[in-house]
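Encoded as structure tokens, the structure appears first; notes follow it.
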Amino acid sequence: MAIYKFPENFTWGAATSGPQTEGWSDKSSFSIYEHWFQTEPEKFHNGVGPAVNCDTYRKYKEDVKLMKEIGLTSFRTSIQWTRLIKNFDTCEVDPVAVEFYNNYINEIIDAGIEPYINLFHFDMPIELQNRGGWESKEVVDLYVKYASKCFELFGDRVKKWCTFNEPIVPAEGGYLYKFMYPNISDFKRAIQVGYNTIVAHAKAVESFRKLKTGGEITIVLNLTPSYPRSEDKKDLEASRIADGIFNRSFLDPVVHGNFPEDVVELLKNNDLLPEYTEEELEVIKNNPIDFLGVNYYQPRRVKAKETEVDPNAPIMPETFFDYYDMPGKRMNPYRGWEIAPQVMYDVAINIRDNYNNIPWYISENGMGVEGEERFRDENGVINDDYRIDFVKEHLTHLHKGIEEGSNCFGYHLWTFIDCWSWANSFKNRYGFVSLDLETGKRTIKKSGRWIREVSETNQFEY
Ligand code: GAL
């Protein structure tokens with residue numbers, strides 16, 4: 001047994017998003033998710049859509065009380081573009097939504113919890129998707145208007161802002177691998193979507209600084225560190241390319257202000273470069289983030305391409321590498337994701353050595369488990385010891401990175417209360433607090449009691 005003590009002021013929190021918790025009562029309009037659910041409900045686990053979710057829209061007071069009870073010192077959620085804004089072109093706000101977000105934010109602050117407010121969590125308004133979504137520069141500018149409106153409305157109290165959650169996901173899910181609306185597969189379009197999102201991010205950061213409301217701004221990136229099958233040159237090369245496409249092409253512009261040269265070269269050689277202007281590149285260059293949010297769930301294991309590439313097949317990231325199914329890897333069978341806690345250390349060292357040792361935090365990490373009801377005891381508490389172990393294990397590796405100088409200041413679990421997931425609905429549960437879907441009743445899990453202790457003492461034993 002050892003004691004893992006964390007730096008003073010280390011923040012212990014949890015993350016969620018508006019579209020996954022609020023429910024859609026009183027919304028001005030719908031996002032792609034709500035639209036998709038209405039048109040193809042069978043695509044969602046058990047046909048459960050985002051209509052009610054946790055009903056945080058009505059129950060936020062109860063939820064904030066629970067956050068406090070489990071000792072959280074910070075909490076991330078997102079504002080929904082489709083709730084706040086009534087007219088996307090004029091940026092006219094819905095006063096009912098302004099009141100809701102004001103009340104919610106005030107409640108969080110009054111409980112002594114620091115709100116981290118994110119502006120986009122996959123929830124493109126369907127109206128703007130129909131006008132081109134992230135492929136359209138006009139939509140980029142409308143996003144910047146909306147972001148600026150949020151800074152103006154809530155910037156007197158919110159001091160930690162986030163422009164986007166996982167900007168690669170709408171690009172790969174919506175335009176490559178078809179797990180998100182509009183379910184297209186076209187690498188070139190996906191690159192334009194990714195690039196335009198970075199432009200939107202940088203322009204929002206620029207506007208944030210102009211408005212001088214105070215505070216700091218970030219972007220949340222889901223990093224999937226690449227590991228080659230072997231030290232063989234070709235495997236290393238495959239790993240470098242995968243890392244470039246999935247990690248560095250987002251990390252580099254937001255921290256360093258430019259795109260990685262090897263990725264630009266690869267795109268150029270394959271006629272995949274997005275449409276860009278010198279002015280956009282300038283905005284990206286001049287607006288680095290203040291701190292970084294990292295969602296870490298799993299690594300990406302790759303090997304050199306083993307099969308011949310069909311010259312007539314559409315080009316994909318996998319044209320340049322193959323996935324490597326590493327024997328003996330630990331898996332979370334419910335989510336199908338590898339469990340590799342030691343990667344936390346590599347993430348910490350990578351940021352320290354290659355990204356100016358920028359202040360950063362784990363903005364999401366966690367474990368989705370199906371059928372957690374079987375762990376509920378006679379007192380109604382879910383005994384999720386596996387989650388406590390999962391978090392402890394990840395934190396020991398993070399701790400090592402911090403000991404070696406990485407500038408990490410916090411850890412957020414995904415998630416605070418069991419919430420709705422994209423397509424998986426409520427299949428896998430992730431929260432410190434359980435949600436009874438029938439009654440809406442919330443109950444603190446064993447992990448919720450545990451995190452309170454950790455937060456109070458700033459340490460744990462393992
Ligand atoms: C992340 C995403 C969250 C949540 C989580 C667990 O990629 O940001 O919205 O769904 O995965 O599946």
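Quick note on naming: the chains in the structure tokens go A, B, ... in the order shown, residues restart at 1 in each chain, and ligands are numbered from 1 in order of appearance.
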Practice prompt. List all protein, DNA and RNA residues that have an atom no more than 9 Å from any atom of ligand 1, counting only C-alpha atoms and all ligand atoms, and report them as a ChimeraX atom specification.
Written response: /A:15-17,20,121-122,165-166,169,220-222,295-297,335,364-368,414-415,419-422,424,428,430
Discussion item. Can you tell me which residues surround range 200-217 of chain A at a distance of at most 7 Å, considering only C-alpha atoms, apart from same-chain residues fewer than 4 positions away, and format the answer as a ChimeraX atom specification?
Written reply: /A:140,143-144,147-148,151,155-156,159-163,196,283-284,287,289-291
Dump all heavy atoms for the selected residues as a short mmCIF file (atom, residue, chain, number, x, y, z; two decimals), in the first residue's frame?
```
data_model
loop_
_atom_site.label_atom_id
_atom_site.label_comp_id
_atom_site.auth_asym_id
_atom_site.auth_seq_id
_atom_site.Cartn_x
_atom_site.Cartn_y
_atom_site.Cartn_z
N VAL A 140 -19.35 28.48 -39.12
CA VAL A 140 -18.22 28.80 -38.24
C VAL A 140 -18.45 30.18 -37.62
O VAL A 140 -18.34 30.37 -36.40
CB VAL A 140 -16.88 28.78 -39.02
CG1 VAL A 140 -15.76 29.43 -38.22
CG2 VAL A 140 -16.51 27.35 -39.41
N TYR A 143 -21.21 30.22 -35.06
CA TYR A 143 -20.76 29.64 -33.79
C TYR A 143 -20.00 30.70 -32.97
O TYR A 143 -20.20 30.81 -31.75
CB TYR A 143 -19.86 28.42 -34.04
CG TYR A 143 -19.07 28.01 -32.80
CD1 TYR A 143 -19.64 27.20 -31.82
CD2 TYR A 143 -17.78 28.49 -32.59
CE1 TYR A 143 -18.94 26.86 -30.66
CE2 TYR A 143 -17.07 28.17 -31.44
CZ TYR A 143 -17.65 27.35 -30.48
OH TYR A 143 -16.95 27.03 -29.33
N VAL A 144 -19.17 31.48 -33.64
CA VAL A 144 -18.38 32.49 -32.93
C VAL A 144 -19.32 33.54 -32.30
O VAL A 144 -19.10 33.98 -31.18
CB VAL A 144 -17.33 33.13 -33.86
CG1 VAL A 144 -16.52 34.18 -33.12
CG2 VAL A 144 -16.40 32.05 -34.43
N ALA A 147 -20.80 31.87 -29.28
CA ALA A 147 -19.81 31.76 -28.20
C ALA A 147 -19.65 33.13 -27.52
O ALA A 147 -19.63 33.23 -26.29
CB ALA A 147 -18.48 31.27 -28.76
N SER A 148 -19.56 34.17 -28.35
CA SER A 148 -19.38 35.52 -27.79
C SER A 148 -20.57 35.91 -26.92
O SER A 148 -20.41 36.54 -25.88
CB SER A 148 -19.21 36.54 -28.92
OG SER A 148 -18.22 36.09 -29.81
N PHE A 151 -20.09 34.37 -23.58
CA PHE A 151 -19.09 35.08 -22.75
C PHE A 151 -19.74 36.34 -22.15
O PHE A 151 -19.53 36.65 -20.98
CB PHE A 151 -17.86 35.48 -23.57
CG PHE A 151 -17.17 34.33 -24.27
CD1 PHE A 151 -16.64 34.47 -25.56
CD2 PHE A 151 -17.04 33.09 -23.65
CE1 PHE A 151 -16.01 33.42 -26.21
CE2 PHE A 151 -16.42 32.03 -24.29
CZ PHE A 151 -15.90 32.20 -25.58
N GLY A 155 -19.98 35.49 -18.52
CA GLY A 155 -18.54 35.65 -18.27
C GLY A 155 -18.20 36.38 -16.99
O GLY A 155 -17.06 36.33 -16.53
N ASP A 156 -19.18 37.07 -16.39
CA ASP A 156 -18.90 37.72 -15.11
C ASP A 156 -18.68 36.68 -14.02
O ASP A 156 -17.98 36.92 -13.05
CB ASP A 156 -20.05 38.67 -14.72
CG ASP A 156 -21.39 37.95 -14.66
OD1 ASP A 156 -21.60 36.95 -15.39
OD2 ASP A 156 -22.25 38.37 -13.86
N LYS A 159 -15.38 31.39 -15.10
CA LYS A 159 -13.97 31.75 -15.33
C LYS A 159 -13.20 30.65 -16.04
O LYS A 159 -12.00 30.77 -16.29
CB LYS A 159 -13.29 32.10 -14.00
CG LYS A 159 -13.92 33.32 -13.32
CD LYS A 159 -13.80 34.59 -14.18
CE LYS A 159 -14.72 35.71 -13.70
NZ LYS A 159 -14.94 36.76 -14.70
N LYS A 160 -13.86 29.53 -16.29
CA LYS A 160 -13.23 28.45 -17.05
C LYS A 160 -14.15 28.11 -18.22
O LYS A 160 -15.25 27.58 -18.03
CB LYS A 160 -13.04 27.21 -16.17
CG LYS A 160 -12.03 27.38 -15.03
CD LYS A 160 -10.63 26.97 -15.48
CE LYS A 160 -9.67 26.72 -14.35
NZ LYS A 160 -9.40 27.86 -13.48
N TRP A 161 -13.69 28.44 -19.41
CA TRP A 161 -14.49 28.21 -20.62
C TRP A 161 -13.85 27.14 -21.49
O TRP A 161 -12.62 27.00 -21.51
CB TRP A 161 -14.58 29.50 -21.44
CG TRP A 161 -15.47 30.52 -20.82
CD1 TRP A 161 -15.08 31.60 -20.07
CD2 TRP A 161 -16.90 30.58 -20.89
NE1 TRP A 161 -16.18 32.33 -19.68
CE2 TRP A 161 -17.30 31.72 -20.16
CE3 TRP A 161 -17.88 29.78 -21.49
CZ2 TRP A 161 -18.65 32.09 -20.03
CZ3 TRP A 161 -19.21 30.14 -21.36
CH2 TRP A 161 -19.59 31.28 -20.63
N CYS A 162 -14.69 26.47 -22.23
CA CYS A 162 -14.20 25.45 -23.16
C CYS A 162 -14.94 25.63 -24.48
O CYS A 162 -16.17 25.72 -24.48
CB CYS A 162 -14.49 24.08 -22.53
SG CYS A 162 -14.20 22.74 -23.64
N THR A 163 -14.20 25.70 -25.57
CA THR A 163 -14.86 25.95 -26.87
C THR A 163 -15.56 24.71 -27.42
O THR A 163 -16.68 24.79 -27.92
CB THR A 163 -13.84 26.42 -27.91
OG1 THR A 163 -12.79 25.43 -27.97
CG2 THR A 163 -13.27 27.79 -27.56
N ASN A 196 -12.26 23.34 -40.04
CA ASN A 196 -13.17 24.46 -39.75
C ASN A 196 -13.48 24.56 -38.26
O ASN A 196 -13.69 25.66 -37.73
CB ASN A 196 -14.49 24.29 -40.52
CG ASN A 196 -14.33 24.63 -42.00
OD1 ASN A 196 -13.27 25.07 -42.44
ND2 ASN A 196 -15.38 24.41 -42.77
N VAL A 283 -5.25 33.66 -37.37
CA VAL A 283 -6.08 33.61 -36.15
C VAL A 283 -5.67 32.40 -35.31
O VAL A 283 -5.55 32.49 -34.07
CB VAL A 283 -7.59 33.54 -36.49
CG1 VAL A 283 -8.43 33.47 -35.22
CG2 VAL A 283 -8.02 34.74 -37.31
N ILE A 284 -5.44 31.28 -35.96
CA ILE A 284 -5.04 30.06 -35.23
C ILE A 284 -3.69 30.30 -34.54
O ILE A 284 -3.50 29.96 -33.38
CB ILE A 284 -4.96 28.85 -36.19
CG1 ILE A 284 -6.37 28.49 -36.69
CG2 ILE A 284 -4.31 27.64 -35.52
CD1 ILE A 284 -6.42 27.48 -37.82
N ASN A 287 -3.87 32.66 -31.30
CA ASN A 287 -4.81 32.41 -30.20
C ASN A 287 -4.66 31.05 -29.53
O ASN A 287 -5.60 30.24 -29.51
CB ASN A 287 -6.25 32.61 -30.71
CG ASN A 287 -6.51 34.07 -30.99
OD1 ASN A 287 -6.66 34.86 -30.06
ND2 ASN A 287 -6.49 34.44 -32.26
N ILE A 289 -4.50 28.30 -26.53
CA ILE A 289 -5.33 28.14 -25.33
C ILE A 289 -4.55 28.49 -24.06
O ILE A 289 -3.32 28.49 -24.07
CB ILE A 289 -5.84 26.68 -25.20
CG1 ILE A 289 -4.69 25.68 -25.43
CG2 ILE A 289 -6.97 26.42 -26.16
CD1 ILE A 289 -5.06 24.24 -25.23
N ASP A 290 -5.30 28.72 -22.96
CA ASP A 290 -4.66 29.00 -21.67
C ASP A 290 -4.30 27.72 -20.93
O ASP A 290 -3.34 27.66 -20.18
CB ASP A 290 -5.61 29.81 -20.77
CG ASP A 290 -5.92 31.17 -21.35
OD1 ASP A 290 -4.95 31.85 -21.77
OD2 ASP A 290 -7.09 31.55 -21.42
N PHE A 291 -5.15 26.73 -21.08
CA PHE A 291 -4.90 25.43 -20.45
C PHE A 291 -5.57 24.37 -21.32
O PHE A 291 -6.34 24.71 -22.22
CB PHE A 291 -5.41 25.40 -19.00
CG PHE A 291 -6.92 25.46 -18.86
CD1 PHE A 291 -7.65 24.31 -18.57
CD2 PHE A 291 -7.62 26.65 -19.02
CE1 PHE A 291 -9.03 24.35 -18.43
CE2 PHE A 291 -9.01 26.70 -18.88
CZ PHE A 291 -9.71 25.54 -18.58
#
```
Item to complete: Using DSSP on the backbone coordinates, identify all residues within range 172-316 of chain A classified as helix (DSSP H, G or I); present the result as a ChimeraX atom specification.
Response: /A:172-175,187-211,233-255,261-269,278-286
Worksheet item: Expressed in Å to a single decimal, how great is the separation between CA of Pro228 in chain A and CA of Arg352 in chain A?
Response: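 Taking CA of Pro228 in chain A and CA of Arg352 in chain A, their separation equals 21.5 Å.
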